[in-house]
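Participant: Just one file: model.cif, with mmCIF, C-alpha atoms.
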```cif
data_final
#
loop_
_atom_site.label_atom_id
_atom_site.label_comp_id
_atom_site.auth_asym_id
_atom_site.auth_seq_id
_atom_site.Cartn_x
_atom_site.Cartn_y
_atom_site.Cartn_z
CA MET W 1 26.83 -14.12 -14.81
CA VAL W 2 24.93 -11.80 -12.50
CA ARG W 3 24.46 -13.06 -8.96
CA ARG W 4 20.91 -13.11 -7.65
CA LYS W 5 21.13 -14.48 -4.12
CA SER W 6 22.13 -11.27 -2.35
CA SER W 7 19.36 -9.20 -3.95
CA VAL W 8 16.77 -11.78 -2.94
CA GLN W 9 18.05 -11.57 0.62
CA LEU W 10 17.65 -7.81 0.52
CA ARG W 11 14.05 -8.13 -0.66
CA VAL W 12 13.28 -10.30 2.37
CA LEU W 13 14.95 -7.78 4.66
CA THR W 14 12.91 -4.87 3.29
CA LYS W 15 9.53 -6.60 3.53
CA MET W 16 7.10 -4.56 5.61
CA THR W 17 3.43 -4.30 6.50
CA PRO W 18 1.55 -2.17 3.95
CA VAL W 19 0.03 1.05 5.21
CA CYS W 20 -3.22 2.39 3.80
CA PRO W 21 -2.43 5.70 2.01
CA PHE W 22 -5.72 7.16 3.23
CA VAL W 23 -4.92 6.69 6.91
CA LYS W 24 -2.30 9.06 8.28
CA ALA W 25 -0.23 6.73 10.44
CA ALA W 26 3.42 6.35 11.23
CA ARG W 27 5.31 3.37 9.88
CA PRO W 28 4.48 0.13 11.71
CA ASP W 29 8.13 -0.40 12.61
CA ASP W 30 8.58 3.07 14.10
CA ALA W 31 8.70 3.00 17.87
CA SER W 32 7.54 6.61 18.05
CA SER W 33 4.34 5.92 16.11
CA ARG W 34 1.03 6.87 17.59
CA LYS W 35 -1.79 4.43 18.06
CA PRO W 36 -3.76 3.84 14.84
CA SER W 37 -6.98 4.90 16.54
CA GLU W 38 -5.49 8.30 17.33
CA ASN W 39 -4.56 8.86 13.70
CA GLN W 40 -7.88 7.59 12.42
CA ASN W 41 -9.84 9.79 14.82
CA LYS W 42 -7.81 12.80 13.78
CA GLN W 43 -8.41 12.08 10.10
CA GLN W 44 -12.11 11.49 10.62
CA THR W 45 -12.51 14.69 12.65
CA GLY W 46 -10.69 16.70 10.01
CA HIS W 47 -12.77 15.21 7.23
CA GLU W 48 -16.04 15.91 9.05
CA SER W 49 -14.98 19.51 9.68
CA LYS W 50 -14.21 19.95 5.99
CA VAL W 51 -17.60 18.57 5.00
CA LYS W 52 -19.33 20.92 7.43
CA GLN W 53 -17.54 23.91 5.91
CA GLU W 54 -18.44 22.90 2.35
CA SER W 55 -21.98 21.65 2.82
CA GLY W 56 -23.20 23.40 5.94
CA ASP W 57 -23.78 21.86 9.37
CA SER W 58 -27.31 20.83 8.57
CA ALA W 59 -26.24 18.60 5.68
CA SER W 60 -23.12 17.00 7.19
CA VAL W 61 -24.52 13.76 8.56
CA SER W 62 -21.73 11.17 8.51
CA PRO W 63 -22.46 8.51 5.86
CA LYS W 64 -23.05 4.96 7.02
CA CYS W 65 -22.83 1.92 4.80
CA PRO W 66 -26.22 0.13 4.86
CA PHE W 67 -24.45 -3.24 4.75
CA GLY W 68 -22.17 -2.47 7.67
CA TYR W 69 -18.91 -2.23 5.73
CA ASP W 70 -16.54 0.26 7.29
CA SER W 71 -13.16 1.35 5.95
CA GLN W 72 -11.71 1.60 9.47
CA THR W 73 -12.81 -1.72 10.95
CA PHE W 74 -12.63 -5.37 9.98
CA LYS W 75 -16.02 -6.79 9.04
CA LEU W 76 -17.32 -9.52 6.79
CA GLY W 77 -20.50 -8.62 4.96
CA PRO W 78 -22.99 -10.37 2.68
CA PHE W 79 -20.81 -9.69 -0.38
CA SER W 80 -17.57 -11.05 1.12
CA CYS W 81 -15.66 -14.12 0.01
CA MET W 82 -15.20 -16.32 3.08
CA ILE W 83 -11.77 -17.43 1.85
CA CYS W 84 -9.94 -14.16 1.14
CA GLN W 85 -12.37 -12.13 3.31
CA ALA W 86 -12.51 -9.38 0.69
CA LEU W 87 -15.41 -8.45 -1.56
CA LEU W 88 -16.31 -11.10 -4.10
CA PHE W 89 -14.43 -10.89 -7.38
CA GLN W 90 -15.33 -13.02 -10.41
CA CYS W 91 -18.02 -14.79 -8.38
CA SER W 92 -17.96 -18.56 -8.77
CA LYS W 93 -20.76 -20.78 -7.51
CA CYS W 94 -19.93 -24.28 -6.31
CA LEU W 95 -22.17 -27.08 -7.50
CA PRO W 96 -24.12 -28.74 -6.12
CA CYS W 97 -23.99 -26.78 -2.80
CA SER W 98 -24.34 -23.29 -4.40
CA HIS W 99 -21.92 -21.53 -2.05
CA VAL W 100 -20.17 -18.62 -3.75
CA TYR W 101 -16.52 -17.53 -3.58
CA CYS W 102 -14.01 -15.62 -5.68
CA LYS W 103 -12.93 -17.66 -8.71
CA ALA W 104 -9.23 -17.52 -7.78
CA CYS W 105 -9.94 -18.48 -4.17
CA ILE W 106 -12.15 -21.50 -4.74
CA SER W 107 -9.91 -22.85 -7.51
CA ARG W 108 -7.53 -24.04 -4.77
CA PHE W 109 -10.17 -26.27 -3.13
CA LYS W 110 -11.76 -29.60 -3.98
CA ASP W 111 -14.30 -29.44 -1.15
CA CYS W 112 -16.51 -26.49 -0.24
CA PRO W 113 -14.85 -24.65 2.69
CA LEU W 114 -18.25 -23.83 4.21
CA CYS W 115 -20.16 -27.10 4.04
CA GLY W 116 -17.51 -29.66 3.07
CA ALA W 117 -19.43 -30.92 0.04
CA ASP W 118 -17.48 -32.21 -2.93
CA ILE W 119 -17.18 -29.58 -5.64
CA GLU W 120 -18.33 -31.23 -8.85
CA LYS W 121 -17.87 -28.04 -10.84
CA THR W 122 -18.07 -24.27 -10.54
CA GLU W 123 -19.93 -21.76 -12.65
CA ALA W 124 -19.83 -17.96 -12.88
CA ASP W 125 -22.48 -16.13 -10.88
CA THR W 126 -22.79 -13.02 -13.02
CA ASN W 127 -25.95 -11.79 -11.31
CA LEU W 128 -24.31 -11.65 -7.88
CA GLN W 129 -21.15 -10.10 -9.35
CA ASP W 130 -23.25 -7.35 -10.91
CA VAL W 131 -24.74 -6.60 -7.49
CA VAL W 132 -21.27 -6.50 -5.89
CA ASP W 133 -19.96 -4.19 -8.64
CA ARG W 134 -22.92 -1.82 -8.22
CA PHE W 135 -22.37 -1.85 -4.46
CA ILE W 136 -18.70 -0.89 -4.91
CA ASP W 137 -19.59 1.82 -7.40
CA GLY W 138 -21.98 3.46 -4.96
CA HIS W 139 -20.24 2.68 -1.67
CA ALA W 140 -20.13 5.57 0.82
CA ARG W 141 -22.17 7.83 -1.43
CA ILE W 142 -25.32 8.05 0.64
CA LYS W 143 -28.35 9.84 -0.80
CA ARG W 144 -29.95 12.34 1.58
CA SER W 145 -32.18 15.40 1.51
CA GLN W 146 -30.76 18.84 2.23
CA VAL W 147 -32.22 20.42 5.36
CA ASP W 148 -32.42 24.18 5.88
CA THR W 149 -33.35 25.03 9.45
CA ASP W 150 -33.69 28.74 8.64
CA GLN W 151 -36.58 28.17 6.27
CA LYS W 152 -39.86 26.48 6.99
CA GLU W 153 -40.55 23.40 4.94
CA VAL W 154 -43.17 24.04 2.26
CA ALA W 155 -45.63 21.20 1.83
CA GLY W 156 -45.30 19.51 -1.52
CA GLU W 157 -42.08 21.33 -2.42
CA LYS W 158 -39.40 19.12 -3.95
CA LYS W 159 -36.34 18.82 -1.73
CA THR W 160 -32.84 19.24 -3.12
CA VAL W 161 -30.97 15.95 -3.10
CA ILE W 162 -27.20 16.06 -2.51
CA TYR W 163 -24.44 13.49 -2.38
CA GLU W 164 -21.91 14.14 0.33
CA ASP W 165 -18.36 14.05 -1.01
CA VAL W 166 -16.80 11.16 0.88
CA SER W 167 -14.37 9.95 -1.76
CA LEU W 168 -11.58 9.48 0.79
CA GLU W 169 -13.74 7.01 2.70
CA ARG W 170 -14.39 5.20 -0.55
CA GLY W 171 -10.66 5.15 -1.24
CA ALA W 172 -9.85 3.74 2.20
CA PHE W 173 -12.56 1.11 1.70
CA LEU W 174 -11.16 0.02 -1.67
CA VAL W 175 -7.60 -0.16 -0.35
CA GLN W 176 -8.78 -2.18 2.64
CA GLN W 177 -10.44 -4.71 0.32
CA ALA W 178 -7.40 -4.80 -1.97
CA MET W 179 -5.01 -5.46 0.92
CA ARG W 180 -7.16 -8.34 2.18
CA ALA W 181 -7.27 -9.87 -1.30
CA PHE W 182 -3.51 -9.40 -1.84
CA ARG W 183 -2.66 -11.10 1.46
CA ALA W 184 -4.85 -14.04 0.41
CA ASN W 185 -3.03 -14.23 -2.96
CA ASN W 186 -6.09 -13.10 -4.90
CA ILE W 187 -3.99 -10.68 -6.91
CA GLU W 188 -6.47 -9.94 -9.71
CA SER W 189 -9.06 -8.91 -7.12
CA ALA W 190 -6.57 -6.60 -5.41
CA LYS W 191 -5.55 -5.08 -8.72
CA SER W 192 -9.17 -4.44 -9.68
CA ARG W 193 -9.95 -2.60 -6.42
CA LEU W 194 -6.76 -0.55 -6.57
CA SER W 195 -7.47 0.41 -10.19
CA LEU W 196 -10.86 1.78 -9.11
CA CYS W 197 -9.19 3.68 -6.30
CA ALA W 198 -6.59 5.17 -8.64
CA GLU W 199 -9.34 6.17 -11.07
CA ASP W 200 -11.19 7.98 -8.26
CA ILE W 201 -8.08 9.92 -7.26
CA ARG W 202 -7.27 10.85 -10.86
CA GLU W 203 -10.77 12.31 -11.20
CA GLN W 204 -10.19 14.37 -8.06
CA ILE W 205 -6.84 15.60 -9.38
CA GLU W 206 -8.55 16.76 -12.58
CA ARG W 207 -10.94 18.85 -10.47
CA MET W 208 -8.61 20.04 -7.71
CA GLY W 209 -5.14 19.91 -9.23
CA ASN W 210 -2.00 18.18 -7.96
CA THR W 211 -2.49 18.77 -4.26
CA SER W 212 0.04 17.19 -1.89
CA GLU W 213 -2.61 14.95 -0.34
CA LEU W 214 -3.94 13.62 -3.64
CA CYS W 215 -0.45 13.12 -5.13
CA SER W 216 0.73 11.20 -2.07
CA GLN W 217 -2.38 9.01 -2.12
CA LEU W 218 -2.15 8.28 -5.84
CA GLY W 219 1.58 7.60 -5.55
CA ALA W 220 0.99 5.03 -2.82
CA VAL W 221 -1.88 3.31 -4.69
CA LEU W 222 0.15 3.16 -7.92
CA GLY W 223 2.95 1.52 -5.95
CA MET W 224 0.50 -1.13 -4.74
CA LEU W 225 -0.62 -1.70 -8.33
CA GLY W 226 3.03 -2.21 -9.21
CA ASP W 227 3.23 -4.87 -6.50
CA CYS W 228 0.20 -6.61 -8.03
CA CYS W 229 1.74 -6.64 -11.50
CA ARG W 230 5.03 -7.92 -10.13
CA ALA W 231 3.20 -10.73 -8.31
CA LEU W 232 1.47 -11.61 -11.59
CA GLY W 233 4.81 -11.76 -13.42
CA ASP W 234 4.14 -8.65 -15.50
CA ALA W 235 7.44 -6.85 -14.93
CA GLY W 236 6.86 -4.26 -17.67
CA SER W 237 3.58 -3.03 -16.21
CA ALA W 238 5.07 -3.15 -12.72
CA VAL W 239 7.89 -0.80 -13.76
CA ASN W 240 5.37 1.56 -15.38
CA TYR W 241 3.28 1.73 -12.21
CA PHE W 242 6.31 2.23 -9.97
CA GLU W 243 7.66 4.98 -12.25
CA GLU W 244 4.29 6.74 -12.22
CA SER W 245 4.22 6.35 -8.44
CA VAL W 246 7.63 8.06 -8.23
CA ASN W 247 6.39 10.83 -10.53
CA PHE W 248 3.48 11.71 -8.25
CA LEU W 249 5.35 11.30 -4.98
CA GLU W 250 8.09 13.63 -6.20
CA LYS W 251 5.45 16.35 -6.59
CA VAL W 252 4.92 16.30 -2.83
CA SER W 253 7.18 18.81 -1.10
CA THR W 254 7.01 17.57 2.46
CA ASP W 255 9.16 16.09 5.20
CA ASP W 256 6.54 13.40 5.88
CA LEU W 257 8.57 10.26 6.60
CA GLU W 258 5.93 7.90 5.27
CA ILE W 259 5.81 9.66 1.91
CA LYS W 260 9.59 9.72 1.65
CA HIS W 261 9.72 6.04 2.55
CA THR W 262 7.09 5.16 -0.06
CA LEU W 263 9.02 7.13 -2.69
CA SER W 264 12.28 5.33 -1.89
CA VAL W 265 10.54 1.94 -1.88
CA SER W 266 9.11 2.54 -5.38
CA LEU W 267 12.58 3.51 -6.62
CA ASN W 268 14.10 0.41 -5.05
CA LYS W 269 11.44 -1.85 -6.56
CA ILE W 270 12.21 -0.51 -10.04
CA GLY W 271 15.86 -1.18 -9.25
CA ASP W 272 15.01 -4.75 -8.22
CA LEU W 273 13.20 -5.41 -11.51
CA LYS W 274 16.07 -3.93 -13.53
CA TYR W 275 18.50 -6.06 -11.50
CA TYR W 276 16.58 -9.26 -12.25
CA ASP W 277 16.49 -8.27 -15.92
CA GLY W 278 20.28 -8.03 -15.93
CA ASP W 279 20.42 -4.25 -16.43
CA LEU W 280 22.80 -3.48 -13.56
CA GLN W 281 23.54 0.10 -14.59
CA ALA W 282 19.83 0.99 -14.55
CA ALA W 283 19.42 -0.89 -11.27
CA ARG W 284 22.24 1.10 -9.70
CA SER W 285 20.72 4.36 -10.93
CA TYR W 286 17.37 3.66 -9.25
CA TYR W 287 18.99 2.30 -6.08
CA SER W 288 21.12 5.44 -5.87
CA GLN W 289 18.05 7.66 -6.24
CA GLY W 290 16.38 5.75 -3.42
CA LEU W 291 19.50 6.12 -1.29
CA ASN W 292 19.54 9.90 -1.89
CA VAL W 293 15.91 10.19 -0.80
CA ARG W 294 16.69 8.29 2.41
CA ARG W 295 19.85 10.29 3.09
CA ASN W 296 17.86 13.52 2.82
CA ALA W 297 15.21 12.14 5.18
CA ILE W 298 17.76 11.15 7.79
CA LYS W 299 19.21 14.67 7.85
CA HIS W 300 16.06 15.86 9.63
CA HIS W 301 15.30 12.64 11.50
CA SER W 302 18.72 11.29 12.45
CA THR W 303 17.42 9.66 15.66
CA VAL W 304 14.57 7.67 14.06
CA PRO W 305 15.72 4.00 13.97
CA SER W 306 13.61 3.03 10.95
CA GLN W 307 15.22 5.81 8.89
CA ILE W 308 18.72 4.63 9.77
CA LEU W 309 17.76 1.09 8.76
CA ASP W 310 16.36 2.40 5.47
CA VAL W 311 19.66 4.11 4.64
CA ALA W 312 21.62 0.97 5.53
CA ILE W 313 19.46 -1.19 3.28
CA SER W 314 19.85 1.26 0.38
CA LEU W 315 23.62 1.25 0.91
CA ALA W 316 23.53 -2.55 0.69
CA LYS W 317 21.62 -2.47 -2.59
CA VAL W 318 23.97 0.01 -4.23
CA ALA W 319 27.08 -1.77 -2.93
CA ASP W 320 25.76 -5.14 -4.09
CA VAL W 321 25.41 -3.83 -7.66
CA ASP W 322 28.86 -2.23 -7.49
CA LYS W 323 30.30 -5.59 -6.48
CA ASN W 324 28.59 -7.30 -9.42
CA LEU W 325 29.91 -4.60 -11.76
CA GLY W 326 33.45 -5.29 -10.56
CA ASN W 327 33.82 -2.07 -8.57
CA GLU W 328 35.11 -3.88 -5.48
CA ASP W 329 36.62 -0.88 -3.70
CA VAL W 330 33.47 1.21 -4.07
CA ALA W 331 31.37 -1.73 -2.91
CA VAL W 332 33.51 -2.27 0.19
CA ASP W 333 33.16 1.41 1.09
CA GLY W 334 29.37 1.08 0.88
CA PHE W 335 29.28 -2.08 2.98
CA GLU W 336 31.53 -0.54 5.62
CA GLU W 337 29.40 2.62 5.81
CA GLY W 338 26.32 0.46 6.31
CA ILE W 339 28.01 -1.55 9.07
CA LYS W 340 29.06 1.64 10.84
CA LEU W 341 25.48 2.95 10.75
CA LEU W 342 24.01 -0.27 12.13
CA GLU W 343 26.61 -0.75 14.84
CA GLY W 344 25.94 2.78 16.07
CA LEU W 345 22.16 2.26 16.13
CA LYS W 346 20.87 2.14 19.69
CA LEU W 347 17.52 0.43 20.26
CA ASN W 348 15.55 -0.09 23.44
CA SER W 349 14.28 -3.46 24.63
CA GLU W 350 10.78 -2.85 23.25
CA GLU W 351 11.96 -2.49 19.65
CA VAL W 352 12.32 -6.21 19.02
CA GLY W 353 11.26 -6.08 15.38
CA LEU W 354 13.76 -3.36 14.55
CA GLU W 355 16.54 -5.24 16.34
CA GLN W 356 15.85 -8.37 14.30
CA ARG W 357 16.02 -6.35 11.10
CA ARG W 358 19.22 -4.65 12.22
CA LEU W 359 20.90 -7.97 12.93
CA SER W 360 19.74 -9.46 9.62
CA VAL W 361 21.06 -6.53 7.59
CA LEU W 362 24.29 -6.51 9.59
CA GLU W 363 24.78 -10.21 8.88
CA PHE W 364 24.27 -9.54 5.18
CA PHE W 365 26.88 -6.76 5.21
CA ASN W 366 29.47 -8.88 6.99
CA GLY W 367 28.86 -11.71 4.54
CA GLN W 368 29.68 -9.45 1.58
CA LEU W 369 33.03 -8.16 2.85
CA PRO W 370 36.27 -9.96 1.93
CA LYS W 371 37.40 -12.36 4.63
CA LYS W 372 40.41 -10.25 5.55
CA GLN W 373 38.05 -7.45 6.56
CA HIS W 374 36.75 -9.62 9.45
CA ASP W 375 40.14 -10.63 10.82
#
```
Before we go any further, please render this structure as structure tokens.
Facilitator:
Amino acid sequence: MVRRKSSVQLRVLTKMTPVCPFVKAARPDDASSRKPSENQNKQQTGHESKVKQESGDSASVSPKCPFGYDSQTFKLGPFSCMICQALLFQCSKCLPCSHVYCKACISRFKDCPLCGADIEKTEADTNLQDVVDRFIDGHARIKRSQVDTDQKEVAGEKKTVIYEDVSLERGAFLVQQAMRAFRANNIESAKSRLSLCAEDIREQIERMGNTSELCSQLGAVLGMLGDCCRALGDAGSAVNYFEESVNFLEKVSTDDLEIKHTLSVSLNKIGDLKYYDGDLQAARSYYSQGLNVRRNAIKHHSTVPSQILDVAISLAKVADVDKNLGNEDVAVDGFEEGIKLLEGLKLNSEEVGLEQRRLSVLEFFNGQLPKKQHD
């Protein structure tokens, strides 16, 4: 019988804070990462410059959401669910108080979270949901008139109306809403927002081709969709999304650590699902691919602690499968290589989170070795 405990432990060890694929930021566990505001400002400045080049300075007014939603800041608006704090999804009205929440969110309550009234029943609020859906469809696409300062305005002449291309802002907005919903266990809501985001990027790829930026964004979003399907118990769809994520991320020829990490994570998640399904050979194949990606990354970034931890975790996954397949000697070699990496990892006092991860992975390694190896 295939053991499951060690793989579950590894999943806990590799849990990390999701990073929005539309915000260029270093990994949250990387001590050398810059402040998010610095990355966001850089991205925003670059995007505004691009718009100016394409549309002309006179028509490059930064779009502002009329309801105050912003992809870079946390804000609750009139279309937000007060439970998951994301945009309403499958609006459900409580009776008799008439407060509205997401269907999945309010199903966990017997009393209204806002007013405390007993919930006698709930009913779908299709009218409000239609408004929310139209708002999402048009978010960040602000209608404005083109202004030409070189020509005098002719009275009565019809102005040309343009829509500034701000699809990246829309993407960041959708991912933000999806991540809020996912954290609140409103998985269907998260999946819906991510599906819209993926659809947007696919449309851009059809127009612009497989650019590195679009492929990396789509790869990350598809990985998140895989997480949603896995959380819903749909392993088959999860594997499909993760495989498609790998396909797009492999198109990106870059040394960007975040992209390489996302690629290896998608490979490992496919391996996890194959492992749980009892297909150890397939699991080992995907784990090994993830390990190779991380080994290549560490060649150019051998002093980055998070990269060393990534390699150690991948070694643990491969060795764990080898052990279950009866390849004890190969497994021991993998465990010992991982221990050597972790024992040689030097962290400063400020890297508390990394140190906790290092100790947890090291404990796992030591627990897998035969007792004589410790003596």
Participant: Quote the spacing between CA of Val304 (chain W) and CA of Leu214 (chain W) in Å to one decimal place.
Facilitator: 26.3 Å
Participant: Determine the nearest neighbour of Ser212 (chain W) from the options W:Leu345, W:Val252, W:Leu225, W:Ala238, counting all atoms listed in the file.
Facilitator: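 Result for the nearest residue to Ser212 (chain W): W:Val252.
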Participant: So which one's closest to Ala283 (chain W), W:Met208, W:Ala312, W:Val318, W:Cys197? Using only C-alpha atoms, please.
Facilitator: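 For Ala283 (chain W), the nearest of the given residues is W:Val318.
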Participant: Can you tell me, as a list in words, what residues are no more than 10 Å from Asp130 (chain W) when counting only C-alpha atoms, ignoring any on the same chain fewer than 6 positions away?
Facilitator: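 What passes the distance filter is Gln90, Cys91 and Ile136 of chain W.
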Participant: Keeping only C-alpha atoms, write the selected residues as a PDB file, in the coordinates of the input.
Facilitator:
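Once everything was written out, this is again.pdb:
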```
ATOM      1  CA  GLN W  90     -15.330 -13.020 -10.410  1.00  0.00           C
ATOM      2  CA  CYS W  91     -18.020 -14.790  -8.380  1.00  0.00           C
ATOM      3  CA  ILE W 136     -18.700  -0.890  -4.910  1.00  0.00           C
TER       4      ILE W 136
END
```
Participant: Can you list, as an MDAnalysis selection string, every protein, DNA or RNA residue that comes within 10 Å of Thr262 (chain W) when you count all atoms listed in the file, leaving out same-chain residues fewer than 5 positions away?
Facilitator: chainID W and resid 19 21 216 219:220 223 245:246 249 257 267:268 290
Participant: Those residues you just picked out, can you put them in a file as a compact mmCIF listing (two decimals), in the coordinates of the input with C-alpha atoms?
Facilitator:
```txt
# COMPACT_ATOMS: atom_id res chain seq x y z
CA VAL W 19 0.03 1.05 5.21
CA PRO W 21 -2.43 5.70 2.01
CA SER W 216 0.73 11.20 -2.07
CA GLY W 219 1.58 7.60 -5.55
CA ALA W 220 0.99 5.03 -2.82
CA GLY W 223 2.95 1.52 -5.95
CA SER W 245 4.22 6.35 -8.44
CA VAL W 246 7.63 8.06 -8.23
CA LEU W 249 5.35 11.30 -4.98
CA LEU W 257 8.57 10.26 6.60
CA LEU W 267 12.58 3.51 -6.62
CA ASN W 268 14.10 0.41 -5.05
CA GLY W 290 16.38 5.75 -3.42
```
Participant: I'd like the neighbourhood of region 189-191 of chain W as a list in words, where a residue qualifies if any of its atoms comes within 9 Å (using only C-alpha atoms), though same-chain residues fewer than 5 positions away should be ignored.
Facilitator: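 That gives Ala86, Leu87, Leu88, Phe89, Gln90, Cys102, Ala104, Leu174, Val175, Gln177, Ala178, Met179, Arg180, Ala181, Phe182, Leu196, Met224, Leu225, Cys228 and Cys229 of chain W.
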Participant: Using CA of Thr126 (chain W) and CA of Asp111 (chain W) as the two end points, give the distance in Å to one decimal.
Facilitator: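 Computing the Euclidean distance for CA of Thr126 (chain W) and CA of Asp111 (chain W) yields 22.0 Å.
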Participant: Using all atoms listed in the file, which protein or nucleic acid residues come within 10 Å of region 330-343 of chain W? Drop anything in the same chain fewer than 6 positions from it, and give the result as a ChimeraX atom specification.
Facilitator: /W:305,308-309,311-324,355,358-359,361-370,373
Participant: Between CA of Val239 (chain W) and CA of Ile270 (chain W), measure the distance and give it in Å to one decimal.
Facilitator: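 Distance between the two atoms: 5.7 Å.
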Participant: Using all atoms listed in the file, collect all residues at a distance of at most 10 Å from (17.1, 6.1, -10.0) as written in the file, then present them as an NGL selection string.
Facilitator: :W and (243 or 246 or 264 or 266-268 or 270-271 or 281-292)
Participant: Once the PyMOL selection byres ((chain W and resi 261) around 9) has been evaluated on this model, what residues remain selected, and can you format them as a short mmCIF file (atom, residue, chain, number, x, y, z; two decimals) with C-alpha atoms, in the frame of the given file?
Facilitator:
```cif
data_model
loop_
_atom_site.label_atom_id
_atom_site.label_comp_id
_atom_site.auth_asym_id
_atom_site.auth_seq_id
_atom_site.Cartn_x
_atom_site.Cartn_y
_atom_site.Cartn_z
CA ARG W 27 5.31 3.37 9.88
CA ASP W 256 6.54 13.40 5.88
CA LEU W 257 8.57 10.26 6.60
CA GLU W 258 5.93 7.90 5.27
CA ILE W 259 5.81 9.66 1.91
CA LYS W 260 9.59 9.72 1.65
CA THR W 262 7.09 5.16 -0.06
CA LEU W 263 9.02 7.13 -2.69
CA SER W 264 12.28 5.33 -1.89
CA VAL W 265 10.54 1.94 -1.88
CA SER W 266 9.11 2.54 -5.38
CA GLY W 290 16.38 5.75 -3.42
CA VAL W 293 15.91 10.19 -0.80
CA ARG W 294 16.69 8.29 2.41
CA ALA W 297 15.21 12.14 5.18
CA GLN W 307 15.22 5.81 8.89
CA ASP W 310 16.36 2.40 5.47
#
```
Participant: Could you spell out the hits of the PyMOL selection byres ((chain W and resi 211) around 12) on the shown file, as an MDAnalysis selection string?
Facilitator: chainID W and resid 201:202 204:210 212:219 248:254
Participant: So which one's closest to Lys269 (chain W), W:Leu95, W:Ala235, W:Leu194, W:Ala124? Using only C-alpha atoms, please.
Facilitator: W:Ala235
